[in-house]
Amino acid sequence: MKNIIIFGAPGSGKGTYSEEIVTRYNMGHISTGDVLRAEMKNGTELGRIARQYIDNGQLIPDDLMIDILAKVYDEQEGGHSGVIFDGFPRTIAQAEALKQMLARRGHTMGMMIELDVDEETLMARLLRRAEIEGRADDNEETIKKRFAVYHQQTEPLAKWFEQEGIRHAFTWKGSKEQMLQEIFEKIEKEN
Ligand code: ATP
Ligand code: MG
C-alpha cells in the first residue's frame, strides 16, 4: 500500500476516516493530534509545550513538529504495508520536510486525500464532539481560531499537493458511507 496523507479542516473527519482505512488495508496510523494529546496527558515536557499552543488554537512550531513526526515514523513497526499521516503536514514547511524525510528512507508520500466539508457542518460536529470527548480546544472560541489558522496556514497546502500530482479531493454530501465508498475506490485504483 502507498502511504496516505489525510488532509482537511478541524472536524472534517480525518481521524474517523483514517480508522476505517487503517482497518481495511492494514496500514499504520500516525495522528499528530493524538501523539500530542498523549504527551499532555502524561505530563511530559513536550506535552507542556504543546498545551500552550493547542489550547490557544495555534499550531505547534514546525521544527518541533517535524522532529516528532520523524521519530514516530521510525518507531512504527514494519508489519503493515503503508502509513496514514493524519493531521500532518499542516504547513508547507512540514510538507517539504515530510517529502525529504521519506525520500531519505527510500519512501514516498503516496497519495493525499482531502476532505472538503462546509464550515457549518464542521462547527456542529466539533461542538458535539466537545460534549462527548471534552477536548479543551473544542469550544466555540478556540474552534474559530483553529478555522482561521487552517485557512491561513494549512489550506494553501492543497495547491502544493496538486503540484505534486497526488491530491484527491472528496466533498461531503451528507453521507459518511458514500464518502467512504468513494475514498476506498480511489485508494484501490491508486494501488
Ligand atoms: P480532526 O477533528 O479532523 O481530527 P483537529 O484539527 O480537530 O482534526 P488534531 O489533528 O487532533 O485535531 O490537532 C489538534 C491540535 O494539535 C491542533 O489544533 C494543533 O494545535 C496541534 N497539531 C496537531 N498536528 C499538528 C501539526 N502537524 N502541526 C502543528 N500543530 C499540530
Ligand atoms: Mg484528529
# chains A, B, ... in the order shown; residues from 1 in each chain; ligands from 1
call {"tool": "closest_atom_pairs", "arguments": {"of": "chain A", "to": "ligand 2", "cutoff": "8 Å", "atoms": "only C-alpha atoms and all ligand atoms", "output": "Markdown table"}}
result
| residue | atom | partner | partner_atom_place_in_ligand_line | distance |
| --- | --- | --- | --- | --- |
| A:Pro10 | CA | ligand 2 | 1 (Mg) | 7.5 |
| A:Gly11 | CA | ligand 2 | 1 (Mg) | 7.4 |
| A:Gly13 | CA | ligand 2 | 1 (Mg) | 7.2 |
| A:Lys14 | CA | ligand 2 | 1 (Mg) | 5.7 |
| A:Gly15 | CA | ligand 2 | 1 (Mg) | 4.4 |
| A:Thr16 | CA | ligand 2 | 1 (Mg) | 7.7 |
| A:Ser31 | CA | ligand 2 | 1 (Mg) | 6.6 |
| A:Thr32 | CA | ligand 2 | 1 (Mg) | 7.9 |
| A:Gly33 | CA | ligand 2 | 1 (Mg) | 5.7 |
| A:Asp34 | CA | ligand 2 | 1 (Mg) | 6.9 |
| A:Asp86 | CA | ligand 2 | 1 (Mg) | 6.9 |
| A:Gly87 | CA | ligand 2 | 1 (Mg) | 6.6 |
call {"tool": "residues_near_ligand", "arguments": {"ligand": "ligand 1", "cutoff": "8 Å", "atoms": "only C-alpha atoms and all ligand atoms", "output": "PyMOL selection string"}}
result
chain A and resi 8-16+31-34+36-37+50-51+53-62+65-66+86-91+94+126+137-138+146
call {"tool": "residues_around", "arguments": {"residues": "segment 118-125 of chain A", "least_positions_apart": "4", "cutoff": "12 Å", "atoms": "only C-alpha atoms", "output": "PDB file with all heavy atoms, in the first residue's frame"}}
result
ATOM      1  N   GLY A   8      -7.539  17.967   5.848  1.00  0.00           N
ATOM      2  CA  GLY A   8      -8.827  18.644   5.942  1.00  0.00           C
ATOM      3  C   GLY A   8      -8.901  19.518   7.174  1.00  0.00           C
ATOM      4  O   GLY A   8      -8.044  19.442   8.066  1.00  0.00           O
ATOM      5  N   ALA A   9      -9.936  20.328   7.242  1.00  0.00           N
ATOM      6  CA  ALA A   9     -10.116  21.263   8.346  1.00  0.00           C
ATOM      7  C   ALA A   9     -10.381  20.510   9.655  1.00  0.00           C
ATOM      8  O   ALA A   9     -10.699  19.327   9.643  1.00  0.00           O
ATOM      9  CB  ALA A   9     -11.299  22.183   8.033  1.00  0.00           C
ATOM     10  N   PRO A  10     -10.271  21.199  10.802  1.00  0.00           N
ATOM     11  CA  PRO A  10     -10.654  20.589  12.072  1.00  0.00           C
ATOM     12  C   PRO A  10     -12.093  20.071  11.983  1.00  0.00           C
ATOM     13  O   PRO A  10     -12.972  20.801  11.523  1.00  0.00           O
ATOM     14  CB  PRO A  10     -10.561  21.740  13.073  1.00  0.00           C
ATOM     15  CG  PRO A  10      -9.603  22.705  12.470  1.00  0.00           C
ATOM     16  CD  PRO A  10      -9.788  22.590  10.985  1.00  0.00           C
ATOM     17  N   GLY A  11     -12.299  18.835  12.391  1.00  0.00           N
ATOM     18  CA  GLY A  11     -13.645  18.266  12.371  1.00  0.00           C
ATOM     19  C   GLY A  11     -14.050  17.676  11.038  1.00  0.00           C
ATOM     20  O   GLY A  11     -15.173  17.190  10.885  1.00  0.00           O
ATOM     21  N   SER A  12     -13.147  17.661  10.068  1.00  0.00           N
ATOM     22  CA  SER A  12     -13.517  17.154   8.742  1.00  0.00           C
ATOM     23  C   SER A  12     -13.607  15.633   8.720  1.00  0.00           C
ATOM     24  O   SER A  12     -14.103  15.056   7.751  1.00  0.00           O
ATOM     25  CB  SER A  12     -12.526  17.648   7.678  1.00  0.00           C
ATOM     26  OG  SER A  12     -11.219  17.259   8.027  1.00  0.00           O
ATOM     27  N   GLY A  13     -13.106  14.985   9.783  1.00  0.00           N
ATOM     28  CA  GLY A  13     -13.223  13.532   9.869  1.00  0.00           C
ATOM     29  C   GLY A  13     -11.922  12.800   9.598  1.00  0.00           C
ATOM     30  O   GLY A  13     -11.930  11.599   9.303  1.00  0.00           O
ATOM     31  N   LYS A  14     -10.806  13.505   9.710  1.00  0.00           N
ATOM     32  CA  LYS A  14      -9.517  12.872   9.441  1.00  0.00           C
ATOM     33  C   LYS A  14      -9.329  11.613  10.295  1.00  0.00           C
ATOM     34  O   LYS A  14      -8.962  10.564   9.777  1.00  0.00           O
ATOM     35  CB  LYS A  14      -8.358  13.851   9.715  1.00  0.00           C
ATOM     36  CG  LYS A  14      -8.384  15.093   8.830  1.00  0.00           C
ATOM     37  CD  LYS A  14      -7.158  15.960   9.031  1.00  0.00           C
ATOM     38  CE  LYS A  14      -7.057  16.627  10.390  1.00  0.00           C
ATOM     39  NZ  LYS A  14      -8.051  17.708  10.624  1.00  0.00           N
ATOM     40  N   ARG A 129     -18.703  16.890  19.464  1.00  0.00           N
ATOM     41  CA  ARG A 129     -17.556  16.135  19.982  1.00  0.00           C
ATOM     42  C   ARG A 129     -17.140  16.666  21.353  1.00  0.00           C
ATOM     43  O   ARG A 129     -16.729  15.899  22.222  1.00  0.00           O
ATOM     44  CB  ARG A 129     -16.387  16.239  18.994  1.00  0.00           C
ATOM     45  CG  ARG A 129     -15.182  15.411  19.411  1.00  0.00           C
ATOM     46  CD  ARG A 129     -14.143  15.336  18.314  1.00  0.00           C
ATOM     47  NE  ARG A 129     -13.332  16.547  18.242  1.00  0.00           N
ATOM     48  CZ  ARG A 129     -12.397  16.767  17.309  1.00  0.00           C
ATOM     49  NH1 ARG A 129     -12.191  15.866  16.363  1.00  0.00           N
ATOM     50  NH2 ARG A 129     -11.702  17.872  17.313  1.00  0.00           N
ATOM     51  N   ALA A 130     -17.267  17.974  21.553  1.00  0.00           N
ATOM     52  CA  ALA A 130     -16.898  18.577  22.835  1.00  0.00           C
ATOM     53  C   ALA A 130     -17.679  17.923  23.970  1.00  0.00           C
ATOM     54  O   ALA A 130     -17.140  17.659  25.048  1.00  0.00           O
ATOM     55  CB  ALA A 130     -17.168  20.073  22.797  1.00  0.00           C
ATOM     56  N   GLU A 131     -18.959  17.647  23.700  1.00  0.00           N
ATOM     57  CA  GLU A 131     -19.805  17.045  24.742  1.00  0.00           C
ATOM     58  C   GLU A 131     -19.394  15.609  25.028  1.00  0.00           C
ATOM     59  O   GLU A 131     -19.503  15.127  26.142  1.00  0.00           O
ATOM     60  CB  GLU A 131     -21.275  17.083  24.303  1.00  0.00           C
ATOM     61  CG  GLU A 131     -21.851  18.488  24.360  1.00  0.00           C
ATOM     62  CD  GLU A 131     -23.230  18.566  23.724  1.00  0.00           C
ATOM     63  OE1 GLU A 131     -23.879  17.509  23.560  1.00  0.00           O
ATOM     64  OE2 GLU A 131     -23.650  19.700  23.386  1.00  0.00           O
ATOM     65  N   ILE A 132     -18.898  14.920  23.993  1.00  0.00           N
ATOM     66  CA  ILE A 132     -18.551  13.504  24.150  1.00  0.00           C
ATOM     67  C   ILE A 132     -17.131  13.333  24.686  1.00  0.00           C
ATOM     68  O   ILE A 132     -16.899  12.601  25.637  1.00  0.00           O
ATOM     69  CB  ILE A 132     -18.689  12.776  22.794  1.00  0.00           C
ATOM     70  CG1 ILE A 132     -20.145  12.874  22.296  1.00  0.00           C
ATOM     71  CG2 ILE A 132     -18.284  11.311  22.919  1.00  0.00           C
ATOM     72  CD1 ILE A 132     -20.320  12.550  20.824  1.00  0.00           C
ATOM     73  N   GLU A 133     -16.164  14.035  24.072  1.00  0.00           N
ATOM     74  CA  GLU A 133     -14.758  13.805  24.413  1.00  0.00           C
ATOM     75  C   GLU A 133     -14.186  14.827  25.386  1.00  0.00           C
ATOM     76  O   GLU A 133     -13.147  14.578  25.998  1.00  0.00           O
ATOM     77  CB  GLU A 133     -13.902  13.793  23.139  1.00  0.00           C
ATOM     78  CG  GLU A 133     -14.253  12.624  22.219  1.00  0.00           C
ATOM     79  CD  GLU A 133     -13.418  12.600  20.944  1.00  0.00           C
ATOM     80  OE1 GLU A 133     -12.352  13.261  20.910  1.00  0.00           O
ATOM     81  OE2 GLU A 133     -13.831  11.941  19.982  1.00  0.00           O
ATOM     82  N   ASP A 138     -12.009  22.166  21.924  1.00  0.00           N
ATOM     83  CA  ASP A 138     -13.290  22.099  21.217  1.00  0.00           C
ATOM     84  C   ASP A 138     -14.322  23.025  21.862  1.00  0.00           C
ATOM     85  O   ASP A 138     -15.416  22.600  22.244  1.00  0.00           O
ATOM     86  CB  ASP A 138     -13.831  20.650  21.188  1.00  0.00           C
ATOM     87  CG  ASP A 138     -13.148  19.788  20.116  1.00  0.00           C
ATOM     88  OD1 ASP A 138     -12.472  20.345  19.229  1.00  0.00           O
ATOM     89  OD2 ASP A 138     -13.307  18.550  20.177  1.00  0.00           O
ATOM     90  N   ASN A 139     -13.997  24.291  22.014  1.00  0.00           N
ATOM     91  CA  ASN A 139     -15.014  25.270  22.427  1.00  0.00           C
ATOM     92  C   ASN A 139     -15.111  26.297  21.311  1.00  0.00           C
ATOM     93  O   ASN A 139     -14.168  26.461  20.524  1.00  0.00           O
ATOM     94  CB  ASN A 139     -14.651  25.909  23.759  1.00  0.00           C
ATOM     95  CG  ASN A 139     -13.353  26.692  23.653  1.00  0.00           C
ATOM     96  OD1 ASN A 139     -13.326  27.808  23.140  1.00  0.00           O
ATOM     97  ND2 ASN A 139     -12.268  26.103  24.108  1.00  0.00           N
ATOM     98  N   GLU A 140     -16.253  26.980  21.239  1.00  0.00           N
ATOM     99  CA  GLU A 140     -16.538  27.793  20.056  1.00  0.00           C
ATOM    100  C   GLU A 140     -15.437  28.802  19.737  1.00  0.00           C
ATOM    101  O   GLU A 140     -15.031  28.958  18.579  1.00  0.00           O
ATOM    102  CB  GLU A 140     -17.896  28.499  20.210  1.00  0.00           C
ATOM    103  CG  GLU A 140     -18.390  29.018  18.874  1.00  0.00           C
ATOM    104  CD  GLU A 140     -19.868  29.383  18.878  1.00  0.00           C
ATOM    105  OE1 GLU A 140     -20.580  29.048  19.850  1.00  0.00           O
ATOM    106  OE2 GLU A 140     -20.295  30.004  17.895  1.00  0.00           O
ATOM    107  N   GLU A 141     -14.906  29.447  20.771  1.00  0.00           N
ATOM    108  CA  GLU A 141     -13.894  30.478  20.548  1.00  0.00           C
ATOM    109  C   GLU A 141     -12.616  29.871  19.938  1.00  0.00           C
ATOM    110  O   GLU A 141     -12.068  30.385  18.959  1.00  0.00           O
ATOM    111  CB  GLU A 141     -13.585  31.150  21.891  1.00  0.00           C
ATOM    112  CG  GLU A 141     -12.838  32.455  21.762  1.00  0.00           C
ATOM    113  CD  GLU A 141     -12.241  32.880  23.099  1.00  0.00           C
ATOM    114  OE1 GLU A 141     -12.777  32.489  24.160  1.00  0.00           O
ATOM    115  OE2 GLU A 141     -11.215  33.583  23.059  1.00  0.00           O
ATOM    116  N   THR A 142     -12.151  28.777  20.516  1.00  0.00           N
ATOM    117  CA  THR A 142     -10.914  28.152  20.031  1.00  0.00           C
ATOM    118  C   THR A 142     -11.132  27.510  18.662  1.00  0.00           C
ATOM    119  O   THR A 142     -10.247  27.527  17.812  1.00  0.00           O
ATOM    120  CB  THR A 142     -10.407  27.107  21.056  1.00  0.00           C
ATOM    121  OG1 THR A 142     -10.401  27.707  22.345  1.00  0.00           O
ATOM    122  CG2 THR A 142      -9.003  26.629  20.716  1.00  0.00           C
ATOM    123  N   ILE A 143     -12.336  26.970  18.444  1.00  0.00           N
ATOM    124  CA  ILE A 143     -12.632  26.373  17.134  1.00  0.00           C
ATOM    125  C   ILE A 143     -12.513  27.442  16.046  1.00  0.00           C
ATOM    126  O   ILE A 143     -11.921  27.201  14.987  1.00  0.00           O
ATOM    127  CB  ILE A 143     -14.044  25.739  17.125  1.00  0.00           C
ATOM    128  CG1 ILE A 143     -14.084  24.517  18.055  1.00  0.00           C
ATOM    129  CG2 ILE A 143     -14.451  25.341  15.702  1.00  0.00           C
ATOM    130  CD1 ILE A 143     -15.490  24.004  18.358  1.00  0.00           C
ATOM    131  N   LYS A 144     -13.025  28.631  16.329  1.00  0.00           N
ATOM    132  CA  LYS A 144     -12.941  29.715  15.334  1.00  0.00           C
ATOM    133  C   LYS A 144     -11.489  30.068  15.037  1.00  0.00           C
ATOM    134  O   LYS A 144     -11.120  30.309  13.895  1.00  0.00           O
ATOM    135  CB  LYS A 144     -13.718  30.949  15.816  1.00  0.00           C
ATOM    136  CG  LYS A 144     -15.218  30.766  15.630  1.00  0.00           C
ATOM    137  CD  LYS A 144     -15.985  32.022  16.012  1.00  0.00           C
ATOM    138  CE  LYS A 144     -17.485  31.811  15.798  1.00  0.00           C
ATOM    139  NZ  LYS A 144     -18.278  32.679  16.683  1.00  0.00           N
ATOM    140  N   LYS A 145     -10.663  30.085  16.081  1.00  0.00           N
ATOM    141  CA  LYS A 145      -9.230  30.345  15.873  1.00  0.00           C
ATOM    142  C   LYS A 145      -8.619  29.244  15.014  1.00  0.00           C
ATOM    143  O   LYS A 145      -7.804  29.505  14.127  1.00  0.00           O
ATOM    144  CB  LYS A 145      -8.485  30.385  17.212  1.00  0.00           C
ATOM    145  CG  LYS A 145      -8.651  31.664  17.984  1.00  0.00           C
ATOM    146  CD  LYS A 145      -7.641  31.696  19.140  1.00  0.00           C
ATOM    147  CE  LYS A 145      -8.102  32.628  20.231  1.00  0.00           C
ATOM    148  NZ  LYS A 145      -7.454  32.347  21.520  1.00  0.00           N
ATOM    149  N   ARG A 146      -9.009  27.989  15.282  1.00  0.00           N
ATOM    150  CA  ARG A 146      -8.443  26.864  14.510  1.00  0.00           C
ATOM    151  C   ARG A 146      -8.858  26.954  13.053  1.00  0.00           C
ATOM    152  O   ARG A 146      -8.065  26.632  12.158  1.00  0.00           O
ATOM    153  CB  ARG A 146      -8.875  25.532  15.139  1.00  0.00           C
ATOM    154  CG  ARG A 146      -8.080  25.233  16.416  1.00  0.00           C
ATOM    155  CD  ARG A 146      -8.805  24.287  17.349  1.00  0.00           C
ATOM    156  NE  ARG A 146      -9.065  22.990  16.793  1.00  0.00           N
ATOM    157  CZ  ARG A 146     -10.031  22.169  17.220  1.00  0.00           C
ATOM    158  NH1 ARG A 146     -10.834  22.549  18.203  1.00  0.00           N
ATOM    159  NH2 ARG A 146     -10.188  20.995  16.663  1.00  0.00           N
ATOM    160  N   PHE A 147     -10.112  27.385  12.799  1.00  0.00           N
ATOM    161  CA  PHE A 147     -10.539  27.564  11.398  1.00  0.00           C
ATOM    162  C   PHE A 147      -9.673  28.629  10.721  1.00  0.00           C
ATOM    163  O   PHE A 147      -9.248  28.472   9.582  1.00  0.00           O
ATOM    164  CB  PHE A 147     -12.013  28.000  11.320  1.00  0.00           C
ATOM    165  CG  PHE A 147     -13.009  26.899  11.606  1.00  0.00           C
ATOM    166  CD1 PHE A 147     -14.350  27.219  11.861  1.00  0.00           C
ATOM    167  CD2 PHE A 147     -12.639  25.568  11.597  1.00  0.00           C
ATOM    168  CE1 PHE A 147     -15.287  26.217  12.118  1.00  0.00           C
ATOM    169  CE2 PHE A 147     -13.571  24.560  11.852  1.00  0.00           C
ATOM    170  CZ  PHE A 147     -14.898  24.889  12.116  1.00  0.00           C
ATOM    171  N   ALA A 148      -9.423  29.741  11.441  1.00  0.00           N
ATOM    172  CA  ALA A 148      -8.619  30.828  10.858  1.00  0.00           C
ATOM    173  C   ALA A 148      -7.202  30.342  10.556  1.00  0.00           C
ATOM    174  O   ALA A 148      -6.658  30.609   9.476  1.00  0.00           O
ATOM    175  CB  ALA A 148      -8.593  32.022  11.805  1.00  0.00           C
ATOM    176  N   TYR A 150      -6.342  27.297  10.012  1.00  0.00           N
ATOM    177  CA  TYR A 150      -6.456  26.363   8.886  1.00  0.00           C
ATOM    178  C   TYR A 150      -6.458  27.127   7.556  1.00  0.00           C
ATOM    179  O   TYR A 150      -5.719  26.778   6.631  1.00  0.00           O
ATOM    180  CB  TYR A 150      -7.731  25.516   9.023  1.00  0.00           C
ATOM    181  CG  TYR A 150      -7.932  24.607   7.831  1.00  0.00           C
ATOM    182  CD1 TYR A 150      -7.170  23.454   7.686  1.00  0.00           C
ATOM    183  CD2 TYR A 150      -8.850  24.924   6.823  1.00  0.00           C
ATOM    184  CE1 TYR A 150      -7.316  22.635   6.574  1.00  0.00           C
ATOM    185  CE2 TYR A 150      -9.000  24.109   5.714  1.00  0.00           C
ATOM    186  CZ  TYR A 150      -8.233  22.972   5.598  1.00  0.00           C
ATOM    187  OH  TYR A 150      -8.364  22.169   4.492  1.00  0.00           O
ATOM    188  N   HIS A 151      -7.273  28.167   7.474  1.00  0.00           N
ATOM    189  CA  HIS A 151      -7.356  28.918   6.209  1.00  0.00           C
ATOM    190  C   HIS A 151      -6.020  29.581   5.866  1.00  0.00           C
ATOM    191  O   HIS A 151      -5.599  29.580   4.721  1.00  0.00           O
ATOM    192  CB  HIS A 151      -8.462  29.974   6.279  1.00  0.00           C
ATOM    193  CG  HIS A 151      -9.839  29.357   6.286  1.00  0.00           C
ATOM    194  ND1 HIS A 151     -10.219  28.402   5.371  1.00  0.00           N
ATOM    195  CD2 HIS A 151     -10.911  29.547   7.103  1.00  0.00           C
ATOM    196  CE1 HIS A 151     -11.472  28.037   5.623  1.00  0.00           C
ATOM    197  NE2 HIS A 151     -11.904  28.712   6.677  1.00  0.00           N
ATOM    198  N   PHE A 170     -12.366  15.075  -1.871  1.00  0.00           N
ATOM    199  CA  PHE A 170     -13.699  14.484  -1.707  1.00  0.00           C
ATOM    200  C   PHE A 170     -14.588  15.469  -0.964  1.00  0.00           C
ATOM    201  O   PHE A 170     -14.210  15.958   0.098  1.00  0.00           O
ATOM    202  CB  PHE A 170     -13.604  13.163  -0.930  1.00  0.00           C
ATOM    203  CG  PHE A 170     -12.745  12.143  -1.617  1.00  0.00           C
ATOM    204  CD1 PHE A 170     -11.364  12.144  -1.428  1.00  0.00           C
ATOM    205  CD2 PHE A 170     -13.295  11.230  -2.490  1.00  0.00           C
ATOM    206  CE1 PHE A 170     -10.552  11.224  -2.085  1.00  0.00           C
ATOM    207  CE2 PHE A 170     -12.500  10.303  -3.152  1.00  0.00           C
ATOM    208  CZ  PHE A 170     -11.127  10.306  -2.953  1.00  0.00           C
ATOM    209  N   THR A 171     -15.757  15.730  -1.517  1.00  0.00           N
ATOM    210  CA  THR A 171     -16.659  16.710  -0.907  1.00  0.00           C
ATOM    211  C   THR A 171     -17.773  16.019  -0.142  1.00  0.00           C
ATOM    212  O   THR A 171     -18.417  15.100  -0.665  1.00  0.00           O
ATOM    213  CB  THR A 171     -17.258  17.622  -1.998  1.00  0.00           C
ATOM    214  OG1 THR A 171     -16.180  18.223  -2.715  1.00  0.00           O
ATOM    215  CG2 THR A 171     -18.117  18.725  -1.385  1.00  0.00           C
ATOM    216  N   TRP A 172     -17.975  16.479   1.088  1.00  0.00           N
ATOM    217  CA  TRP A 172     -19.044  15.959   1.950  1.00  0.00           C
ATOM    218  C   TRP A 172     -20.407  16.272   1.347  1.00  0.00           C
ATOM    219  O   TRP A 172     -20.705  17.427   1.053  1.00  0.00           O
ATOM    220  CB  TRP A 172     -18.903  16.575   3.338  1.00  0.00           C
ATOM    221  CG  TRP A 172     -20.042  16.300   4.278  1.00  0.00           C
ATOM    222  CD1 TRP A 172     -20.996  17.181   4.690  1.00  0.00           C
ATOM    223  CD2 TRP A 172     -20.324  15.061   4.939  1.00  0.00           C
ATOM    224  NE1 TRP A 172     -21.856  16.562   5.557  1.00  0.00           N
ATOM    225  CE2 TRP A 172     -21.480  15.265   5.732  1.00  0.00           C
ATOM    226  CE3 TRP A 172     -19.737  13.785   4.936  1.00  0.00           C
ATOM    227  CZ2 TRP A 172     -22.037  14.248   6.516  1.00  0.00           C
ATOM    228  CZ3 TRP A 172     -20.292  12.784   5.712  1.00  0.00           C
ATOM    229  CH2 TRP A 172     -21.431  13.021   6.489  1.00  0.00           C
ATOM    230  N   LYS A 173     -21.227  15.212   1.159  1.00  0.00           N
ATOM    231  CA  LYS A 173     -22.570  15.429   0.615  1.00  0.00           C
ATOM    232  C   LYS A 173     -23.615  14.869   1.563  1.00  0.00           C
ATOM    233  O   LYS A 173     -24.733  14.570   1.160  1.00  0.00           O
ATOM    234  CB  LYS A 173     -22.692  14.761  -0.758  1.00  0.00           C
ATOM    235  CG  LYS A 173     -21.728  15.336  -1.801  1.00  0.00           C
ATOM    236  CD  LYS A 173     -21.953  14.670  -3.169  1.00  0.00           C
ATOM    237  CE  LYS A 173     -20.681  14.623  -4.008  1.00  0.00           C
ATOM    238  NZ  LYS A 173     -19.779  13.493  -3.634  1.00  0.00           N
ATOM    239  N   GLY A 174     -23.246  14.684   2.817  1.00  0.00           N
ATOM    240  CA  GLY A 174     -24.225  14.289   3.819  1.00  0.00           C
ATOM    241  C   GLY A 174     -24.208  12.829   4.208  1.00  0.00           C
ATOM    242  O   GLY A 174     -24.953  12.416   5.086  1.00  0.00           O
TER     243      GLY A 174
END
call {"tool": "residues_around", "arguments": {"residues": "Met112 of chain A", "least_positions_apart": "2", "cutoff": "7 Å", "atoms": "only C-alpha atoms", "output": "list in words"}}
result
Ile4, Ile5, Ile6, Phe7, Glu114, Ile166, Arg167 and His168 of chain A
call {"tool": "select_by_dssp", "arguments": {"residues": "segment 6-119 of chain A", "states": "strand (DSSP E)", "output": "list in words"}}
result
Ile6, Phe7, Gly8, Gly28, His29, Ile30, Ser31, Val83, Ile84, Phe85, Asp86, Met111, Met112, Ile113, Glu114, Leu115 and Asp116 of chain A
call {"tool": "residues_around", "arguments": {"residues": "segment 182-191 of chain A", "least_positions_apart": "5", "cutoff": "8 Å", "atoms": "only C-alpha atoms", "output": "ChimeraX atom specification"}}
result
/A:1-2,21,113,170
call {"tool": "select_by_dssp", "arguments": {"residues": "segment 1-185 of chain A", "states": "alpha helix (DSSP H)", "output": "number ranges by chain"}}
result
A: 14-25, 32-41, 45-54, 62-75, 92-104, 119-133, 140-149, 157-164, 176-185
call {"tool": "decode", "arguments": {"residues": "segment 88-103 of chain A", "atoms": "N, CA, C and O atoms", "output": "short mmCIF file (atom, residue, chain, number, x, y, z; two decimals), in the first residue's frame"}}
result
data_model
loop_
_atom_site.label_atom_id
_atom_site.label_comp_id
_atom_site.auth_asym_id
_atom_site.auth_seq_id
_atom_site.Cartn_x
_atom_site.Cartn_y
_atom_site.Cartn_z
N PHE A 88 -0.90 15.77 9.69
CA PHE A 88 0.43 16.19 9.29
C PHE A 88 0.61 15.87 7.82
O PHE A 88 0.24 14.77 7.41
N PRO A 89 1.14 16.76 7.01
CA PRO A 89 1.62 18.11 7.32
C PRO A 89 0.49 19.13 7.37
O PRO A 89 -0.56 18.94 6.78
N ARG A 90 0.73 20.23 8.07
CA ARG A 90 -0.25 21.31 8.20
C ARG A 90 0.30 22.63 7.69
O ARG A 90 -0.40 23.64 7.72
N THR A 91 1.56 22.63 7.27
CA THR A 91 2.16 23.84 6.67
C THR A 91 3.03 23.38 5.49
O THR A 91 3.38 22.19 5.41
N ILE A 92 3.39 24.33 4.64
CA ILE A 92 4.25 23.99 3.50
C ILE A 92 5.60 23.50 4.00
O ILE A 92 6.15 22.52 3.48
N ALA A 93 6.13 24.13 5.05
CA ALA A 93 7.43 23.70 5.60
C ALA A 93 7.35 22.25 6.07
O ALA A 93 8.27 21.45 5.82
N GLN A 94 6.25 21.87 6.71
CA GLN A 94 6.09 20.47 7.16
C GLN A 94 6.00 19.53 5.96
O GLN A 94 6.54 18.41 6.00
N ALA A 95 5.33 19.97 4.92
CA ALA A 95 5.17 19.12 3.73
C ALA A 95 6.52 18.89 3.06
O ALA A 95 6.86 17.76 2.70
N GLU A 96 7.30 19.95 2.91
CA GLU A 96 8.64 19.81 2.30
C GLU A 96 9.50 18.88 3.15
O GLU A 96 10.23 18.04 2.62
N ALA A 97 9.42 19.04 4.47
CA ALA A 97 10.21 18.21 5.38
C ALA A 97 9.79 16.74 5.29
O ALA A 97 10.63 15.84 5.31
N LEU A 98 8.48 16.51 5.20
CA LEU A 98 7.99 15.13 5.11
C LEU A 98 8.48 14.47 3.83
O LEU A 98 8.96 13.33 3.85
N LYS A 99 8.39 15.21 2.75
CA LYS A 99 8.82 14.67 1.46
C LYS A 99 10.30 14.26 1.52
O LYS A 99 10.68 13.16 1.09
N GLN A 100 11.12 15.12 2.11
CA GLN A 100 12.55 14.84 2.23
C GLN A 100 12.83 13.69 3.18
O GLN A 100 13.66 12.83 2.90
N MET A 101 12.14 13.70 4.31
CA MET A 101 12.34 12.65 5.31
C MET A 101 12.03 11.28 4.70
O MET A 101 12.77 10.32 4.89
N LEU A 102 10.95 11.21 3.94
CA LEU A 102 10.57 9.94 3.31
C LEU A 102 11.56 9.57 2.21
O LEU A 102 11.96 8.40 2.10
N ALA A 103 11.98 10.54 1.43
CA ALA A 103 12.93 10.27 0.34
C ALA A 103 14.23 9.69 0.89
O ALA A 103 14.79 8.74 0.31
#
